[in-house]
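Colleague: Below: one structure in structure tokens.
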Amino acid sequence: LCHCENSACTINAFTMPHWRDNSKDDLENTNAIVTGASAGIGVETVRELASLGATVILGCRNEEKAKKVINDILEKGKDSIKPEQLVFMQLELQSLSSIREFCKNVQSRFSKIHILINNAGIMLIPKREETNDGFELTLGVNHIGHFYLTYLLKEVILSSGDDVRLVNVSAKLHYLGKIHWNDMQLEKGYGPLKSYYQSKLANVMFSREFARRYSHTSVKAYSLHPGVIKTELGREQRFAGIAKSLFRCCLLTPNQGSQTTLFCALTKDQLNNGAYFENCKEKCPSDFANDEENAKRLWLEICKLLNIEW
């Protein structure tokens with residue numbers, strides 16, 4: 001059941017609402033994880049969480065970039081952020097062994113995780129590639145890796161208190177996607193957009209099914225579209241011109257793009273569990289994502305790929 005205003009939303013950088021309205025303003029004794037925390041909206045998400053007192057684990061592939069981000073945050077927030085609040089941990093989402101090591105390190109240092117933000121992602125990979133474990137790369141990094149990470153941390157998350165958030169960063173382009181049940185790894189027909197659409201759709205479905213399965217707990221799961229971020233359009237140059245032409249009118253800064261993530265993580269408003277958000281407002285996801293049977297099926301399919309029971 002969708003409780004949103006409507007399914008259409010145009011994000012305007014000049015009217016972007018701010019998450020601080022009716023949100024938590026003291027995160028002391030709060031532990032958060034942000035994946036993909038060394039670039040774009042991940043950096044701004046970490047900065048805001050830390051400025052409110054949270055201890056933030058930066059799950060990043062590149063240690064050098066992560067350390068530069070930490071130093072920048074500390075320098076600009078030297079009056080309010082302490083070095084011990086920012087913890088780098090190596091995380092390579094295209095490697096299941098790296099994810100296991102990351103989760104092992106998290107659990108060795110933290111007994112509670114109050115906010116898990118699955119933010120990292122890749123897009124527009126020109127030719128089909130695979131993760132270290134043989135999954136199609138875009139689906140593997142954007143969805144399967146985060147699914148596995150959440151699975152490994154589920155006991156910690158479920159025992160972390162009465163207000164725990166799981167936030168999956170998706171994209172509005174999920175509306176154009178479908179799960180290719182007979183070729184989820186896109187071995188028979190790969191396309192850069194096709195793979196991205198499928199992975200972002202999977203993010204929305206993950207939040208919805210997690211919310212359904214854990215509705216009896218205090219953990220709330222949400223997914224969101226952060227907007228189109230200026231700094232992240234040029235990763236694959238052959239598509240950059242098209243993307244900039246399509247979204248020029250509504251490009252956001254990383255700070256603006258982090259607003260909906262922070263809203264889902266921190267608002268005191270009573271949000272519908274499993275909901276999808278754009279521009280800090282609930283929106284109807286695609287019909288495919290809204291189908292409960294599809295979400296159940298995807299969950300089981302991913303468990304089968306990972307050889308886990310969940």
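Letters A, B, ... go to the chains of the structure tokens in the order shown; residues in each chain start at 1; ligands are counted from 1 in the same order.
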Name the residues in contact with A:Leu306 at a cut-off of 12 Å, using only C-alpha atoms, excluding same-chain residues fewer than 2 positions from it; report them as a ChimeraX atom specification.
Modeller: /A:95-97,133-135,140,143-149,151-152,299-304,308-310
Colleague: Counting only C-alpha atoms, which residues in stretch 156-198 of chain A sit no more than 9 Å from stretch 269-282 of chain A? For each one, give the nearest pair of atoms and the distance in Å, sorted by chain then residue number, as a Markdown table.
Modeller:
```
| residue | atom | partner | partner_atom | distance |
| --- | --- | --- | --- | --- |
| A:Ser170 | CA | A:Tyr276 | CA | 8.9 |
| A:Ala171 | CA | A:Glu278 | CA | 8.9 |
| A:Lys172 | CA | A:Glu278 | CA | 8.0 |
```
Colleague: For A:Val156, which residue among A:Leu86, A:Leu139, A:Cys103, A:Ala202 is the nearest when counting only C-alpha atoms?
Modeller: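 Residue with the minimum atom-to-atom distance to A:Val156: A:Cys103.
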Colleague: Quick one: residues within 12 Å of A:Asn182, only C-alpha atoms, excluding same-chain residues fewer than 5 positions away - as a list of chain:residue names?
Modeller: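 In the requested form, the answer reads A:Glu187, A:Lys188, A:Gly189, A:Leu298, A:Glu301.
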Colleague: Take the residues from that selection and put them in a file with N, CA and C atoms, as a PDB file, in the first residue's frame.
Modeller:
```
ATOM      1  N   GLU A 187      23.675 -11.892 -18.499  1.00  0.00           N
ATOM      2  CA  GLU A 187      24.637 -12.588 -19.350  1.00  0.00           C
ATOM      3  C   GLU A 187      24.160 -12.662 -20.796  1.00  0.00           C
ATOM      4  N   LYS A 188      22.842 -12.653 -20.978  1.00  0.00           N
ATOM      5  CA  LYS A 188      22.290 -12.772 -22.332  1.00  0.00           C
ATOM      6  C   LYS A 188      22.080 -11.421 -23.004  1.00  0.00           C
ATOM      7  N   GLY A 189      21.959 -10.367 -22.196  1.00  0.00           N
ATOM      8  CA  GLY A 189      21.714  -9.057 -22.784  1.00  0.00           C
ATOM      9  C   GLY A 189      22.055  -7.944 -21.822  1.00  0.00           C
ATOM     10  N   LEU A 298      12.534 -11.517  -4.952  1.00  0.00           N
ATOM     11  CA  LEU A 298      13.894 -10.999  -5.088  1.00  0.00           C
ATOM     12  C   LEU A 298      14.727 -11.342  -3.860  1.00  0.00           C
ATOM     13  N   GLU A 301      15.787 -14.867  -4.112  1.00  0.00           N
ATOM     14  CA  GLU A 301      16.742 -15.055  -5.207  1.00  0.00           C
ATOM     15  C   GLU A 301      18.136 -14.591  -4.790  1.00  0.00           C
TER      16      GLU A 301
END
```
Colleague: What's the separation between atom CA of A:Ser199 and atom CA of A:Ala120, in Å to one decimal place?
Modeller: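 Atom-to-atom, atom CA of A:Ser199 and atom CA of A:Ala120 are spaced 12.0 Å apart.
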Colleague: When you look at A:Ile70 with a cut-off of 9 Å (counting only C-alpha atoms), what residues show up, excluding the ones that are within fewer than 2 positions of it in the same chain? I need them as a list in words.
Modeller: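 Listed by chain and then number, they are Ser38, Val43, Arg47, Leu58, Lys65, Ala66, Lys67, Lys68, Asp72, Ile73, Leu74, Glu75, Pro83, Leu86, Val87 and Phe88 of chain A.
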Colleague: Taking the DSSP assignment computed from this structure's backbone, write out as a VMD selection string all residues of stretch 145-272 of chain A that belong to alpha helix (DSSP H).
Modeller: chain A and resid 145 to 158 192 to 213 237 to 247 254 to 257 259 to 266
Colleague: Contacts between stretch 203-227 of chain A and stretch 24-114 of chain A, please, where a residue of stretch 24-114 of chain A counts if it comes within 12 Å (with only C-alpha atoms); show its shortest atom pair and distance in Å to one decimal, rows by chain and ascending number, as a Markdown table.
Modeller:
```
| residue | atom | partner | partner_atom | distance |
| --- | --- | --- | --- | --- |
| A:Gly40 | CA | A:Pro226 | CA | 11.0 |
| A:Ile41 | CA | A:Pro226 | CA | 8.3 |
| A:Gly42 | CA | A:Pro226 | CA | 10.8 |
| A:Thr45 | CA | A:Pro226 | CA | 11.4 |
| A:Ile113 | CA | A:Val219 | CA | 10.9 |
| A:His114 | CA | A:Val219 | CA | 8.9 |
```
Colleague: What is the atom CA of A:Leu166 to atom CA of A:Ala265 distance in Å?
Modeller: 7.6 Å
Colleague: Name all residues at most 8 Å from A:Leu252 (count only C-alpha atoms; drop same-chain ones fewer than 5 positions away) and give them as a list in words.
Modeller: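 These residues fall inside the cut-off: Ala13, Gly227, Val228, Ile229, Lys230 and Gly257 of chain A.
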Colleague: Could you check which of A:Thr138, A:Asn62, A:Gln185, A:Lys112 is closest to A:Asp162, using only C-alpha atoms?
Modeller: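 Closest to A:Asp162, using only C-alpha atoms: A:Lys112.
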Colleague: Closest to A:Gln85 among A:Asp287, A:Glu101, A:Asp183, A:Glu48, using only C-alpha atoms?
Modeller: A:Glu48
Colleague: Can you tell me which residues surround A:Cys60 at a distance of at most 6 Å, considering only C-alpha atoms, apart from same-chain residues fewer than 5 positions away, and format the answer as a PDB file with N, CA, C and O atoms, in the first residue's frame?
Modeller:
```pdb
ATOM      1  N   GLY A  36      30.452   4.057   0.907  1.00  0.00           N
ATOM      2  CA  GLY A  36      30.721   5.044  -0.136  1.00  0.00           C
ATOM      3  C   GLY A  36      30.888   6.429   0.447  1.00  0.00           C
ATOM      4  O   GLY A  36      30.394   7.417  -0.108  1.00  0.00           O
ATOM      5  N   GLN A  90      38.033  -0.487   5.839  1.00  0.00           N
ATOM      6  CA  GLN A  90      38.120  -0.910   4.437  1.00  0.00           C
ATOM      7  C   GLN A  90      36.874  -1.701   4.048  1.00  0.00           C
ATOM      8  O   GLN A  90      36.446  -2.596   4.770  1.00  0.00           O
ATOM      9  N   LEU A  91      36.305  -1.337   2.885  1.00  0.00           N
ATOM     10  CA  LEU A  91      35.131  -2.053   2.389  1.00  0.00           C
ATOM     11  C   LEU A  91      35.127  -2.047   0.875  1.00  0.00           C
ATOM     12  O   LEU A  91      35.061  -0.991   0.244  1.00  0.00           O
TER      13      LEU A  91
END
```
Colleague: Using only C-alpha atoms, determine which residues lie at most 9 Å from A:Gly191, disregarding the query and same-chain residues fewer than 6 positions distant; provide the list as a list of chain:residue names.
Modeller: A:Leu124, A:Ile125, A:Pro126, A:Lys127, A:Arg128
Colleague: Once you have the residues from the selection above, write them out as a short mmCIF file (atom, residue, chain, number, x, y, z; two decimals), in the first residue's frame, restricted to all heavy atoms.
Modeller:
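Final file, result-v1.cif:
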```cif
data_model
loop_
_atom_site.label_atom_id
_atom_site.label_comp_id
_atom_site.auth_asym_id
_atom_site.auth_seq_id
_atom_site.Cartn_x
_atom_site.Cartn_y
_atom_site.Cartn_z
N LEU A 124 26.61 3.05 -15.02
CA LEU A 124 27.01 3.21 -16.42
C LEU A 124 28.35 2.56 -16.74
O LEU A 124 29.23 3.17 -17.34
CB LEU A 124 27.02 4.70 -16.78
CG LEU A 124 25.70 5.45 -16.55
CD1 LEU A 124 25.86 6.93 -16.87
CD2 LEU A 124 24.57 4.85 -17.35
N ILE A 125 28.49 1.31 -16.35
CA ILE A 125 29.67 0.54 -16.72
C ILE A 125 29.50 0.09 -18.17
O ILE A 125 28.56 -0.64 -18.49
CB ILE A 125 29.83 -0.68 -15.80
CG1 ILE A 125 29.84 -0.25 -14.32
CG2 ILE A 125 31.09 -1.46 -16.14
CD1 ILE A 125 30.92 0.73 -13.95
N PRO A 126 30.37 0.52 -19.10
CA PRO A 126 30.14 0.32 -20.54
C PRO A 126 29.96 -1.14 -20.97
O PRO A 126 29.04 -1.46 -21.73
CB PRO A 126 31.39 0.92 -21.19
CG PRO A 126 31.95 1.84 -20.17
CD PRO A 126 31.61 1.25 -18.84
N LYS A 127 30.82 -2.01 -20.48
CA LYS A 127 30.76 -3.42 -20.84
C LYS A 127 30.52 -4.26 -19.60
O LYS A 127 30.90 -3.88 -18.50
CB LYS A 127 32.07 -3.85 -21.52
CG LYS A 127 32.34 -3.15 -22.84
CD LYS A 127 33.64 -3.63 -23.45
CE LYS A 127 33.92 -2.93 -24.78
NZ LYS A 127 35.19 -3.39 -25.39
N ARG A 128 29.89 -5.39 -19.80
CA ARG A 128 29.57 -6.25 -18.67
C ARG A 128 30.84 -6.70 -17.95
O ARG A 128 31.76 -7.23 -18.57
CB ARG A 128 28.77 -7.47 -19.12
CG ARG A 128 28.26 -8.34 -17.96
CD ARG A 128 27.53 -9.58 -18.45
NE ARG A 128 27.04 -10.36 -17.32
CZ ARG A 128 27.78 -11.20 -16.60
NH1 ARG A 128 29.04 -11.38 -16.91
NH2 ARG A 128 27.24 -11.88 -15.60
#
```
Colleague: Taking the chain letters and numbering used in this document, name the residues of stretch 99-203 of chain A that DSSP puts in strand (DSSP E), as a list in words.
Modeller: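 In stretch 99-203 of chain A, DSSP puts these residues in strand (DSSP E): Ile115, Leu116, Ile117, Asn118, Val164, Arg165, Leu166, Val167, Asn168 and Val169 of chain A.
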Colleague: Atoms to include: N, CA, C and O atoms. Write the selected residues as a short mmCIF file (atom, residue, chain, number, x, y, z; two decimals), in the first residue's frame.
Modeller:
```cif
data_model
loop_
_atom_site.label_atom_id
_atom_site.label_comp_id
_atom_site.auth_asym_id
_atom_site.auth_seq_id
_atom_site.Cartn_x
_atom_site.Cartn_y
_atom_site.Cartn_z
N ILE A 115 22.33 3.45 12.92
CA ILE A 115 22.00 3.93 11.58
C ILE A 115 22.91 3.24 10.58
O ILE A 115 24.14 3.32 10.68
N LEU A 116 22.32 2.54 9.61
CA LEU A 116 23.09 1.94 8.51
C LEU A 116 22.62 2.58 7.22
O LEU A 116 21.45 2.44 6.83
N ILE A 117 23.53 3.30 6.56
CA ILE A 117 23.20 3.97 5.30
C ILE A 117 23.97 3.29 4.18
O ILE A 117 25.20 3.45 4.05
N ASN A 118 23.27 2.52 3.39
CA ASN A 118 23.85 1.84 2.23
C ASN A 118 23.85 2.82 1.06
O ASN A 118 22.90 2.90 0.28
N VAL A 164 16.08 2.41 15.27
CA VAL A 164 17.20 2.07 14.40
C VAL A 164 16.75 2.23 12.95
O VAL A 164 15.62 1.88 12.60
N ARG A 165 17.64 2.77 12.11
CA ARG A 165 17.27 3.05 10.72
C ARG A 165 18.18 2.32 9.74
O ARG A 165 19.41 2.32 9.89
N LEU A 166 17.57 1.73 8.73
CA LEU A 166 18.26 1.19 7.56
C LEU A 166 17.85 2.04 6.38
O LEU A 166 16.67 2.12 6.04
N VAL A 167 18.82 2.70 5.75
CA VAL A 167 18.53 3.62 4.65
C VAL A 167 19.27 3.15 3.40
O VAL A 167 20.52 3.09 3.40
N ASN A 168 18.54 2.82 2.36
CA ASN A 168 19.12 2.37 1.10
C ASN A 168 18.97 3.48 0.05
O ASN A 168 17.85 3.88 -0.29
N VAL A 169 20.11 3.96 -0.43
CA VAL A 169 20.08 5.03 -1.43
C VAL A 169 19.84 4.42 -2.81
O VAL A 169 20.68 3.69 -3.34
#
```
Colleague: Would you compute the distance between atom CA of A:Ile81 and atom CA of A:Gly53? Give it in Å to one decimal.
Modeller: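 We find that atom CA of A:Ile81 and atom CA of A:Gly53 lie 7.1 Å from each other.
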